[in-house]
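structure07.pdb follows; it contains PDB, C-alpha atoms.
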```
ATOM      1  CA  MET A 120      11.359  -1.886  -1.191
ATOM      2  CA  ARG A 121       9.394   1.519  -0.544
ATOM      3  CA  VAL A 122       9.338   4.059  -3.450
ATOM      4  CA  SER A 123       9.783   7.696  -2.511
ATOM      5  CA  SER A 124       6.703   9.867  -2.911
ATOM      6  CA  GLN A 125       8.848  12.769  -4.076
ATOM      7  CA  VAL A 126       8.291  13.783  -7.689
ATOM      8  CA  ASP A 127       9.430  16.744  -9.728
ATOM      9  CA  GLY A 128       7.862  19.928  -8.425
ATOM     10  CA  SER A 129      10.174  22.530  -9.944
ATOM     11  CA  LEU A 130       8.529  22.462 -13.375
ATOM     12  CA  ASP A 131       8.169  25.310 -15.836
ATOM     13  CA  TRP A 132       4.840  24.538 -17.442
ATOM     14  CA  GLU A 133       4.925  27.765 -19.522
ATOM     15  CA  ASP A 134       1.483  28.166 -21.064
ATOM     16  CA  SER A 135       0.535  24.490 -20.847
ATOM     17  CA  SER A 136      -2.378  25.065 -18.503
ATOM     18  CA  ASP A 137      -4.108  21.791 -19.372
ATOM     19  CA  LEU A 138      -0.922  19.863 -18.741
ATOM     20  CA  ALA A 139      -0.424  21.629 -15.419
ATOM     21  CA  GLU A 140      -4.006  20.993 -14.341
ATOM     22  CA  VAL A 141      -4.051  17.279 -15.140
ATOM     23  CA  THR A 142      -0.646  16.808 -13.499
ATOM     24  CA  ASP A 143      -1.861  18.506 -10.329
ATOM     25  CA  LEU A 144      -4.872  16.191 -10.331
ATOM     26  CA  GLY A 145      -2.541  13.217 -10.609
ATOM     27  CA  HIS A 146      -0.485  14.412  -7.638
ATOM     28  CA  ASP A 147      -3.628  15.103  -5.597
ATOM     29  CA  ALA A 148      -4.991  11.599  -6.268
ATOM     30  CA  LEU A 149      -1.649  10.010  -5.380
ATOM     31  CA  ARG A 150      -1.463  11.952  -2.110
ATOM     32  CA  GLN A 151      -4.993  10.843  -1.307
ATOM     33  CA  TYR A 152      -4.073   7.236  -2.026
ATOM     34  CA  ARG A 153      -1.070   7.436   0.287
ATOM     35  CA  LYS A 154      -3.349   8.814   3.004
ATOM     36  CA  ASP A 155      -6.412   6.535   2.663
ATOM     37  CA  HIS A 156      -5.164   3.618   0.520
ATOM     38  CA  ARG A 157      -8.270   3.558  -1.636
ATOM     39  CA  ASN A 158      -7.766   1.793  -4.939
ATOM     40  CA  GLU A 159      -9.898   4.294  -6.816
ATOM     41  CA  ASP A 160      -7.477   7.092  -5.875
ATOM     42  CA  LEU A 161      -4.533   5.124  -7.262
ATOM     43  CA  GLU A 162      -6.436   4.358 -10.452
ATOM     44  CA  SER A 163      -7.365   8.031 -10.749
ATOM     45  CA  SER A 164      -3.732   9.067 -10.354
ATOM     46  CA  VAL A 165      -2.682   6.673 -13.120
ATOM     47  CA  ALA A 166      -5.413   8.032 -15.409
ATOM     48  CA  HIS A 167      -4.433  11.667 -14.802
ATOM     49  CA  PHE A 168      -0.718  11.081 -15.336
ATOM     50  CA  GLN A 169      -1.504   9.061 -18.465
ATOM     51  CA  ARG A 170      -3.570  11.980 -19.747
ATOM     52  CA  ALA A 171      -0.637  14.288 -19.035
ATOM     53  CA  LEU A 172       1.617  12.083 -21.134
ATOM     54  CA  ASP A 173      -0.943  11.924 -23.930
ATOM     55  CA  ILE A 174      -1.085  15.712 -24.288
ATOM     56  CA  CYS A 175       2.612  16.428 -23.662
ATOM     57  CA  PRO A 176       4.599  16.893 -26.890
ATOM     58  CA  ASP A 177       7.762  14.828 -27.284
ATOM     59  CA  THR A 178       9.831  18.026 -27.365
ATOM     60  CA  HIS A 179       8.218  19.680 -24.341
ATOM     61  CA  THR A 180      10.726  20.820 -21.728
ATOM     62  CA  CYS A 181       8.876  18.840 -19.058
ATOM     63  CA  ARG A 182       8.525  15.601 -21.011
ATOM     64  CA  ALA A 183      10.958  13.788 -18.694
ATOM     65  CA  ALA A 184       9.002  14.856 -15.598
ATOM     66  CA  VAL A 185       5.740  13.674 -17.166
ATOM     67  CA  LEU A 186       7.315  10.296 -17.944
ATOM     68  CA  PHE A 187       8.749  10.081 -14.435
ATOM     69  CA  ASN A 188       5.403  10.832 -12.772
ATOM     70  CA  LEU A 189       3.557   8.130 -14.698
ATOM     71  CA  ALA A 190       6.375   5.613 -14.172
ATOM     72  CA  THR A 191       6.297   6.241 -10.413
ATOM     73  CA  VAL A 192       2.572   5.693 -10.025
ATOM     74  CA  LEU A 193       2.558   2.639 -12.331
ATOM     75  CA  PHE A 194       5.225   1.033 -10.173
ATOM     76  CA  ILE A 195       3.087   1.647  -7.082
ATOM     77  CA  PHE A 196       0.203   0.049  -8.986
ATOM     78  CA  TYR A 197       2.413  -2.986  -9.698
ATOM     79  CA  GLN A 198       3.394  -3.259  -6.028
ATOM     80  CA  SER A 199      -0.263  -3.073  -5.008
ATOM     81  CA  PHE A 200      -1.782  -5.478  -7.540
ATOM     82  CA  GLY A 201       1.119  -7.462  -9.003
ATOM     83  CA  THR A 202       0.249  -6.646 -12.612
ATOM     84  CA  LEU A 203       3.373  -7.302 -14.663
ATOM     85  CA  SER A 204       2.187  -5.073 -17.487
ATOM     86  CA  SER A 205       2.266  -2.107 -15.082
ATOM     87  CA  PHE A 206       5.822  -2.985 -14.046
ATOM     88  CA  ASP A 207       7.050  -3.375 -17.631
ATOM     89  CA  ARG A 208       5.580  -0.037 -18.596
ATOM     90  CA  ALA A 209       6.945   1.693 -15.479
ATOM     91  CA  ILE A 210      10.456   0.478 -16.322
ATOM     92  CA  ALA A 211      10.158   1.576 -19.953
ATOM     93  CA  LEU A 212       8.964   5.047 -18.904
ATOM     94  CA  HIS A 213      11.744   5.445 -16.330
ATOM     95  CA  GLN A 214      14.281   4.428 -18.972
ATOM     96  CA  GLU A 215      12.854   6.959 -21.413
ATOM     97  CA  ALA A 216      12.988   9.675 -18.765
ATOM     98  CA  LEU A 217      16.598   8.762 -17.981
ATOM     99  CA  LYS A 218      17.567   9.215 -21.632
ATOM    100  CA  LEU A 219      16.173  12.741 -21.520
ATOM    101  CA  ARG A 220      17.948  13.521 -18.256
ATOM    102  CA  ARG A 221      21.477  13.157 -19.540
ATOM    103  CA  ASP A 222      24.716  13.473 -17.587
ATOM    104  CA  GLY A 223      24.707  16.706 -15.638
ATOM    105  CA  HIS A 224      20.910  16.997 -15.415
ATOM    106  CA  PRO A 225      19.931  17.886 -11.825
ATOM    107  CA  ASP A 226      17.285  15.136 -11.700
ATOM    108  CA  ARG A 227      19.331  12.339 -13.259
ATOM    109  CA  SER A 228      20.294  10.847  -9.893
ATOM    110  CA  THR A 229      16.647  10.798  -8.737
ATOM    111  CA  THR A 230      15.622   8.982 -11.916
ATOM    112  CA  LEU A 231      18.492   6.530 -11.559
ATOM    113  CA  LEU A 232      17.459   5.819  -7.974
ATOM    114  CA  HIS A 233      13.804   5.193  -8.790
ATOM    115  CA  LEU A 234      14.669   2.949 -11.724
ATOM    116  CA  SER A 235      17.126   1.006  -9.535
ATOM    117  CA  GLN A 236      14.540   0.594  -6.771
ATOM    118  CA  ALA A 237      11.927  -0.677  -9.206
ATOM    119  CA  LEU A 238      14.305  -3.228 -10.712
ATOM    120  CA  LEU A 239      15.487  -4.323  -7.258
ATOM    121  CA  TYR A 240      11.913  -4.894  -6.098
ATOM    122  CA  HIS A 241      11.118  -6.984  -9.160
ATOM    123  CA  TYR A 242      14.456  -8.828  -8.989
ATOM    124  CA  GLY A 243      13.691  -9.768  -5.395
ATOM    125  CA  ALA A 244      10.175 -10.938  -6.261
ATOM    126  CA  THR A 245      10.965 -12.956  -9.393
ATOM    127  CA  GLY A 246      14.541 -14.139  -8.946
ATOM    128  CA  TYR A 247      17.745 -13.938 -10.936
ATOM    129  CA  LYS A 248      17.734 -12.659 -14.504
ATOM    130  CA  ALA A 249      21.062 -11.913 -16.172
ATOM    131  CA  SER A 250      19.687  -8.947 -18.142
ATOM    132  CA  VAL A 251      18.173  -7.343 -15.030
ATOM    133  CA  GLU A 252      21.358  -7.912 -13.034
ATOM    134  CA  ALA A 253      23.514  -6.270 -15.700
ATOM    135  CA  GLU A 254      21.297  -3.193 -15.879
ATOM    136  CA  LEU A 255      21.068  -2.968 -12.092
ATOM    137  CA  ARG A 256      24.809  -3.124 -11.645
ATOM    138  CA  LYS A 257      25.302  -0.350 -14.192
ATOM    139  CA  LEU A 258      22.658   1.881 -12.596
ATOM    140  CA  VAL A 259      23.899   1.361  -9.035
ATOM    141  CA  ASP A 260      27.524   1.968 -10.024
ATOM    142  CA  GLU A 261      26.593   5.263 -11.684
ATOM    143  CA  LEU A 262      24.586   6.276  -8.631
ATOM    144  CA  MET A 263      27.486   5.569  -6.286
ATOM    145  CA  ASP A 264      29.861   7.549  -8.511
ATOM    146  CA  MET A 265      27.698  10.643  -8.849
ATOM    147  CA  CYS A 266      26.226  11.026  -5.334
ATOM    148  CA  PRO A 267      28.425  12.915  -2.839
ATOM    149  CA  GLU A 268      29.292  11.327   0.498
ATOM    150  CA  GLY A 269      26.951  12.046   3.396
ATOM    151  CA  GLY A 270      23.917  13.091   1.391
ATOM    152  CA  HIS A 271      20.463  11.535   1.260
ATOM    153  CA  GLU A 272      20.963  10.194  -2.258
ATOM    154  CA  ARG A 273      24.332   8.660  -1.374
ATOM    155  CA  ARG A 274      22.725   6.773   1.510
ATOM    156  CA  ALA A 275      19.950   5.642  -0.833
ATOM    157  CA  ALA A 276      22.546   4.549  -3.400
ATOM    158  CA  SER A 277      24.447   2.634  -0.709
ATOM    159  CA  LEU A 278      21.261   0.861   0.332
ATOM    160  CA  ALA A 279      20.501   0.008  -3.306
ATOM    161  CA  LEU A 280      23.997  -1.472  -3.670
ATOM    162  CA  GLN A 281      23.626  -3.558  -0.499
ATOM    163  CA  THR A 282      20.203  -4.791  -1.597
ATOM    164  CA  TYR A 283      21.563  -5.681  -5.025
ATOM    165  CA  GLN A 284      24.425  -7.645  -3.445
ATOM    166  CA  CYS A 285      22.020  -9.380  -1.066
ATOM    167  CA  LEU A 286      19.629 -10.424  -3.834
ATOM    168  CA  LYS A 287      22.490 -11.607  -6.022
ATOM    169  CA  ILE A 288      23.915 -13.785  -3.246
ATOM    170  CA  LYS A 289      20.526 -15.490  -2.706
ATOM    171  CA  GLY A 290      21.123 -17.661  -5.756
ATOM    172  CA  SER A 291      24.851 -18.074  -5.275
ATOM    173  CA  ASP A 292      26.993 -20.667  -3.508
ATOM    174  CA  ASP A 293      29.854 -18.187  -3.025
ATOM    175  CA  SER A 294      30.456 -18.448   0.728
ATOM    176  CA  ALA A 295      33.393 -16.069   0.645
ATOM    177  CA  GLU A 296      31.281 -13.263  -0.831
ATOM    178  CA  LEU A 297      28.522 -13.970   1.670
ATOM    179  CA  ASP A 298      30.959 -13.852   4.586
ATOM    180  CA  LYS A 299      32.204 -10.445   3.378
ATOM    181  CA  LEU A 300      28.701  -9.096   2.826
ATOM    182  CA  ILE A 301      27.105 -10.052   6.161
ATOM    183  CA  PRO A 302      29.327  -7.794   8.344
ATOM    184  CA  ILE A 303      28.541  -4.863   6.024
ATOM    185  CA  LEU A 304      24.806  -5.530   6.319
ATOM    186  CA  ASP A 305      25.173  -5.961  10.085
ATOM    187  CA  VAL A 306      26.799  -2.531  10.448
ATOM    188  CA  ALA A 307      24.029  -0.957   8.346
ATOM    189  CA  ALA A 308      21.328  -2.624  10.466
ATOM    190  CA  HIS A 309      22.862  -1.295  13.690
ATOM    191  CA  GLU A 310      23.207   2.331  12.605
ATOM    192  CA  PRO A 311      21.227   4.753  14.787
ATOM    193  CA  PRO A 312      17.648   5.007  13.455
ATOM    194  CA  GLU A 313      17.910   8.727  12.794
ATOM    195  CA  ALA A 314      20.867   8.115  10.461
ATOM    196  CA  TYR A 315      18.941   5.968   8.021
ATOM    197  CA  PHE A 316      15.634   5.841   6.254
ATOM    198  CA  ASP A 317      14.279   2.470   5.121
ATOM    199  CA  LEU A 318      15.592   0.690   8.199
ATOM    200  CA  SER A 319      13.236  -2.193   7.449
ATOM    201  CA  VAL A 320      15.055  -2.806   4.162
ATOM    202  CA  ARG A 321      18.374  -3.010   6.022
ATOM    203  CA  PHE A 322      16.953  -5.482   8.544
ATOM    204  CA  HIS A 323      15.436  -7.519   5.720
ATOM    205  CA  ASN A 324      18.707  -7.633   3.784
ATOM    206  CA  LEU A 325      20.592  -8.923   6.816
ATOM    207  CA  GLY A 326      17.926 -11.527   7.552
ATOM    208  CA  LEU A 327      18.016 -12.887   3.995
ATOM    209  CA  ALA A 328      21.819 -12.999   3.933
ATOM    210  CA  LEU A 329      21.931 -14.948   7.209
ATOM    211  CA  LEU A 330      19.269 -17.312   5.877
ATOM    212  CA  ARG A 331      21.336 -17.961   2.760
ATOM    213  CA  ARG A 332      24.401 -18.741   4.858
ATOM    214  CA  PHE A 333      22.343 -21.166   6.922
ATOM    215  CA  GLN A 334      21.189 -22.861   3.726
ATOM    216  CA  LEU A 335      24.810 -23.301   2.662
ATOM    217  CA  HIS A 336      26.366 -24.338   6.007
ATOM    218  CA  SER A 337      23.464 -25.417   8.278
ATOM    219  CA  ASN A 338      24.670 -23.364  11.239
ATOM    220  CA  PRO A 339      21.570 -23.057  13.477
ATOM    221  CA  SER A 340      22.718 -19.715  14.906
ATOM    222  CA  ASP A 341      22.479 -18.190  11.413
ATOM    223  CA  LEU A 342      18.904 -19.439  11.109
ATOM    224  CA  ASP A 343      17.972 -18.072  14.551
ATOM    225  CA  ARG A 344      19.517 -14.688  13.735
ATOM    226  CA  ALA A 345      17.792 -14.632  10.341
ATOM    227  CA  ILE A 346      14.438 -15.159  12.018
ATOM    228  CA  MET A 347      15.183 -12.475  14.600
ATOM    229  CA  TRP A 348      15.999  -9.872  11.940
ATOM    230  CA  LEU A 349      13.016 -10.817   9.783
ATOM    231  CA  GLN A 350      10.765 -10.538  12.842
ATOM    232  CA  GLU A 351      12.195  -7.067  13.486
ATOM    233  CA  THR A 352      11.592  -6.184   9.831
ATOM    234  CA  VAL A 353       7.923  -7.101  10.163
ATOM    235  CA  ARG A 354       7.605  -5.352  13.527
ATOM    236  CA  ILE A 355       8.821  -1.960  12.322
ATOM    237  CA  THR A 356       7.082  -2.033   8.930
ATOM    238  CA  HIS A 357       3.747  -0.215   8.850
ATOM    239  CA  VAL A 358       0.736  -2.284   7.855
ATOM    240  CA  ASP A 359       0.137  -0.021   4.839
ATOM    241  CA  ASP A 360       3.693  -0.465   3.529
ATOM    242  CA  LEU A 361       3.505  -2.271   0.181
ATOM    243  CA  ASN A 362       6.566  -4.337   1.152
ATOM    244  CA  LYS A 363       4.912  -5.808   4.253
ATOM    245  CA  PRO A 364       3.258  -8.878   2.659
ATOM    246  CA  GLY A 365       6.586  -9.932   1.170
ATOM    247  CA  TYR A 366       8.347  -9.452   4.489
ATOM    248  CA  LEU A 367       5.693 -11.548   6.244
ATOM    249  CA  ASN A 368       6.037 -14.267   3.627
ATOM    250  CA  ASP A 369       9.827 -14.352   3.992
ATOM    251  CA  LEU A 370       9.460 -14.631   7.770
ATOM    252  CA  GLY A 371       6.923 -17.432   7.409
ATOM    253  CA  ASN A 372       9.106 -19.406   5.025
ATOM    254  CA  THR A 373      12.124 -19.005   7.319
ATOM    255  CA  LEU A 374      10.118 -20.210  10.314
ATOM    256  CA  LEU A 375       9.111 -23.180   8.180
ATOM    257  CA  ASP A 376      12.808 -23.968   7.653
ATOM    258  CA  ARG A 377      13.321 -24.022  11.412
ATOM    259  CA  TYR A 378      10.186 -26.047  12.043
ATOM    260  CA  GLN A 379      11.306 -28.687   9.567
ATOM    261  CA  ARG A 380      14.605 -28.883  11.441
ATOM    262  CA  LEU A 381      13.421 -28.750  15.076
ATOM    263  CA  LYS A 382       9.718 -29.716  14.846
ATOM    264  CA  ASP A 383       8.815 -27.001  17.359
ATOM    265  CA  VAL A 384       5.066 -26.382  17.031
ATOM    266  CA  SER A 385       5.485 -22.774  18.211
ATOM    267  CA  ASP A 386       7.375 -22.059  14.972
ATOM    268  CA  LEU A 387       4.475 -23.559  13.071
ATOM    269  CA  ASP A 388       2.034 -21.333  14.970
ATOM    270  CA  GLN A 389       4.105 -18.231  14.225
ATOM    271  CA  LEU A 390       4.526 -19.009  10.536
ATOM    272  CA  ILE A 391       0.762 -19.527  10.147
ATOM    273  CA  VAL A 392       0.133 -16.115  11.696
ATOM    274  CA  SER A 393       2.713 -14.535   9.387
ATOM    275  CA  LEU A 394       1.349 -16.180   6.254
ATOM    276  CA  GLU A 395      -2.244 -15.380   7.240
ATOM    277  CA  ASP A 396      -1.260 -11.710   7.484
ATOM    278  CA  ALA A 397       0.607 -11.842   4.165
ATOM    279  CA  ALA A 398      -2.421 -13.341   2.422
ATOM    280  CA  ARG A 399      -4.833 -10.923   4.098
ATOM    281  CA  LEU A 400      -2.815  -7.876   3.016
ATOM    282  CA  THR A 401      -2.514  -9.094  -0.586
ATOM    283  CA  PRO A 402      -5.507  -8.508  -2.891
ATOM    284  CA  ASP A 403      -6.973 -11.247  -5.074
ATOM    285  CA  GLY A 404      -5.424 -10.972  -8.530
ATOM    286  CA  HIS A 405      -1.946 -10.173  -7.214
ATOM    287  CA  GLN A 406       0.640 -12.528  -8.701
ATOM    288  CA  ASN A 407       1.934 -13.516  -5.252
ATOM    289  CA  LYS A 408      -1.424 -14.380  -3.650
ATOM    290  CA  PRO A 409      -1.641 -18.010  -4.925
ATOM    291  CA  SER A 410       1.855 -18.740  -3.573
ATOM    292  CA  TYR A 411       0.989 -17.280  -0.157
ATOM    293  CA  GLU A 412      -2.208 -19.337   0.028
ATOM    294  CA  HIS A 413      -0.440 -22.527  -1.083
ATOM    295  CA  THR A 414       2.309 -22.213   1.544
ATOM    296  CA  LEU A 415      -0.343 -21.456   4.145
ATOM    297  CA  SER A 416      -2.219 -24.627   3.210
ATOM    298  CA  LEU A 417       0.957 -26.664   3.691
ATOM    299  CA  ALA A 418       1.497 -25.079   7.102
ATOM    300  CA  TYR A 419      -2.035 -25.904   8.260
ATOM    301  CA  LEU A 420      -1.690 -29.494   7.019
ATOM    302  CA  ALA A 421       1.662 -29.844   8.800
ATOM    303  CA  ARG A 422       0.056 -28.693  12.048
ATOM    304  CA  PHE A 423      -2.835 -31.088  11.526
ATOM    305  CA  GLN A 424      -0.352 -33.952  11.214
ATOM    306  CA  ARG A 425       1.148 -32.947  14.566
ATOM    307  CA  LEU A 426      -1.929 -31.979  16.586
ATOM    308  CA  LYS A 427      -4.763 -33.787  14.760
ATOM    309  CA  ASP A 428      -6.996 -30.714  14.957
ATOM    310  CA  ALA A 429      -9.774 -31.074  12.368
ATOM    311  CA  GLY A 430      -9.936 -27.283  12.036
ATOM    312  CA  ASP A 431      -6.370 -27.247  10.688
ATOM    313  CA  LEU A 432      -7.286 -29.922   8.138
ATOM    314  CA  SER A 433     -10.286 -27.877   7.005
ATOM    315  CA  GLN A 434      -8.169 -24.729   6.728
ATOM    316  CA  GLY A 435      -5.457 -26.613   4.834
ATOM    317  CA  ILE A 436      -7.956 -27.846   2.257
ATOM    318  CA  PHE A 437      -9.679 -24.453   2.022
ATOM    319  CA  ARG A 438      -6.389 -22.585   1.505
ATOM    320  CA  PHE A 439      -5.238 -25.067  -1.131
ATOM    321  CA  GLU A 440      -8.503 -24.673  -3.038
ATOM    322  CA  ASP A 441      -8.173 -20.892  -2.725
ATOM    323  CA  ALA A 442      -4.638 -21.023  -4.144
ATOM    324  CA  ILE A 443      -5.923 -22.973  -7.172
ATOM    325  CA  ARG A 444      -8.812 -20.548  -7.626
ATOM    326  CA  LEU A 445      -6.498 -17.549  -7.596
ATOM    327  CA  ILE A 446      -4.079 -18.842 -10.261
ATOM    328  CA  PRO A 447      -4.581 -16.719 -13.402
ATOM    329  CA  ASP A 448      -6.145 -18.572 -16.313
ATOM    330  CA  SER A 449      -2.963 -18.189 -18.370
ATOM    331  CA  SER A 450      -0.985 -20.045 -15.672
ATOM    332  CA  ALA A 451      -3.491 -22.795 -14.997
TER
END
```

How does the structure come out when it is put into structure tokens?
Amino acid sequence: MRVSSQVDGSLDWEDSSDLAEVTDLGHDALRQYRKDHRNEDLESSVAHFQRALDICPDTHTCRAAVLFNLATVLFIFYQSFGTLSSFDRAIALHQEALKLRRDGHPDRSTTLLHLSQALLYHYGATGYKASVEAELRKLVDELMDMCPEGGHERRAASLALQTYQCLKIKGSDDSAELDKLIPILDVAAHEPPEAYFDLSVRFHNLGLALLRRFQLHSNPSDLDRAIMWLQETVRITHVDDLNKPGYLNDLGNTLLDRYQRLKDVSDLDQLIVSLEDAARLTPDGHQNKPSYEHTLSLAYLARFQRLKDAGDLSQGIFRFEDAIRLIPDSSA
């Protein structure tokens, strides 16, 4: 999911001029990264916010904001490069900031939202974990309780709840829950664009829910609708959005489901394009890159079996070798 670029700006830095300067440098580098998407700007932002944390006393009035800033940029780093250590540290920092922003703090809801979004992203990427689910449910429930109806944060909390329910149902065989959830996701996906931010997340949620129902009941209309919504997700998501490779991968895998059922080569062509884009947008070293390359190799080999094009065989072998090469040493 996309993380908001908004960070605490209403800070009373008192006489901490060094802290103020290094924090401003961190914000400047992050803004530059969002504009140009240069890795060195992201790395610079992390370094500046880390320096801010290093020089900020535990009892400083802005300690929570310093923690929040570093957590935010580390999560972006995790989305960009797939480094689990960055994710683990981002979560720990958000949790520490949340402890400092107790009930009644004006920025507690913002911290809750960012922590929920980070956990949802990781939950979606890595699958079900009971400990993550329990924490997510608690965070989302608190968000829903504290955010007034009609506001930006209430809409964000509602989206977090829907995404949580969608991810939870992916590993469940509960058809009744799925049948209740899909109409809710359908309404959210059809809201006027100006009423919602993160429309791509709403489309994606609906596509995944329909795919899960197809997997349980084999109704081809659910599969067709899932593909339609995942195609729309990809279409409206900017190429620089850090969620785009995952969306492309989900679309490719869903097209593969339909190809295996109908053997329509056009689905195979589309899924290869989707997986090529997912792999191209994902840097070497990212934890998801080997999986993208492996699925792509299978798609090329499947097309070779149908069309007997030697180029597909060569690409299938090349992509498989690339997937092996990209597996981290610790996983090999």

Report as CSV: every residue of stretch 285-369 of chain A with an atom at most 10 Å from stretch 385-399 of chain A, its closest pair of atoms, and their distance in Å to one decimal, counting all atoms listed in the file, with rows sorted by chain and ascending residue number.
```
residue,atom,partner,partner_atom,distance
A:Gln350,CA,A:Ser393,CA,9.6
A:Val353,CA,A:Ser393,CA,9.1
A:Val358,CA,A:Asp396,CA,9.6
A:Lys363,CA,A:Ala397,CA,7.4
A:Pro364,CA,A:Ala397,CA,4.3
A:Gly365,CA,A:Ala397,CA,7.0
A:Tyr366,CA,A:Ala397,CA,8.1
A:Leu367,CA,A:Ser393,CA,5.3
A:Asn368,CA,A:Leu394,CA,5.7
A:Asp369,CA,A:Ser393,CA,8.9
```

Non-local contacts of A:Phe200 (7 Å; all atoms listed in the file; under 5 positions in same chain excluded) as a ChimeraX atom specification: /A:402,404-405

Residues matched by the PyMOL selection byres ((chain A and resi 182) around 12) as an MDAnalysis selection string: chainID A and resid 127 130:132 135 138 142 168 171:181 183:189 212:213 215:220

Next, the residues of the selection above should be written as a PDB file, in the coordinates of the input with C-alpha atoms.
```pdb
ATOM      1  CA  ASP A 127       9.430  16.744  -9.728  1.00  0.00           C
ATOM      2  CA  LEU A 130       8.529  22.462 -13.375  1.00  0.00           C
ATOM      3  CA  ASP A 131       8.169  25.310 -15.836  1.00  0.00           C
ATOM      4  CA  TRP A 132       4.840  24.538 -17.442  1.00  0.00           C
ATOM      5  CA  SER A 135       0.535  24.490 -20.847  1.00  0.00           C
ATOM      6  CA  LEU A 138      -0.922  19.863 -18.741  1.00  0.00           C
ATOM      7  CA  THR A 142      -0.646  16.808 -13.499  1.00  0.00           C
ATOM      8  CA  PHE A 168      -0.718  11.081 -15.336  1.00  0.00           C
ATOM      9  CA  ALA A 171      -0.637  14.288 -19.035  1.00  0.00           C
ATOM     10  CA  LEU A 172       1.617  12.083 -21.134  1.00  0.00           C
ATOM     11  CA  ASP A 173      -0.943  11.924 -23.930  1.00  0.00           C
ATOM     12  CA  ILE A 174      -1.085  15.712 -24.288  1.00  0.00           C
ATOM     13  CA  CYS A 175       2.612  16.428 -23.662  1.00  0.00           C
ATOM     14  CA  PRO A 176       4.599  16.893 -26.890  1.00  0.00           C
ATOM     15  CA  ASP A 177       7.762  14.828 -27.284  1.00  0.00           C
ATOM     16  CA  THR A 178       9.831  18.026 -27.365  1.00  0.00           C
ATOM     17  CA  HIS A 179       8.218  19.680 -24.341  1.00  0.00           C
ATOM     18  CA  THR A 180      10.726  20.820 -21.728  1.00  0.00           C
ATOM     19  CA  CYS A 181       8.876  18.840 -19.058  1.00  0.00           C
ATOM     20  CA  ALA A 183      10.958  13.788 -18.694  1.00  0.00           C
ATOM     21  CA  ALA A 184       9.002  14.856 -15.598  1.00  0.00           C
ATOM     22  CA  VAL A 185       5.740  13.674 -17.166  1.00  0.00           C
ATOM     23  CA  LEU A 186       7.315  10.296 -17.944  1.00  0.00           C
ATOM     24  CA  PHE A 187       8.749  10.081 -14.435  1.00  0.00           C
ATOM     25  CA  ASN A 188       5.403  10.832 -12.772  1.00  0.00           C
ATOM     26  CA  LEU A 189       3.557   8.130 -14.698  1.00  0.00           C
ATOM     27  CA  LEU A 212       8.964   5.047 -18.904  1.00  0.00           C
ATOM     28  CA  HIS A 213      11.744   5.445 -16.330  1.00  0.00           C
ATOM     29  CA  GLU A 215      12.854   6.959 -21.413  1.00  0.00           C
ATOM     30  CA  ALA A 216      12.988   9.675 -18.765  1.00  0.00           C
ATOM     31  CA  LEU A 217      16.598   8.762 -17.981  1.00  0.00           C
ATOM     32  CA  LYS A 218      17.567   9.215 -21.632  1.00  0.00           C
ATOM     33  CA  LEU A 219      16.173  12.741 -21.520  1.00  0.00           C
ATOM     34  CA  ARG A 220      17.948  13.521 -18.256  1.00  0.00           C
TER      35      ARG A 220
END
```

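Each of A:Val192, A:Leu161, A:Leu417, A:Ala166 was checked against A:Val141 using all atoms listed in the file; the smallest atom-to-atom distance is that of A:Ala166.
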
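Atom CA of A:Ser319 sits 23.6 Å away from atom CA of A:Val251.
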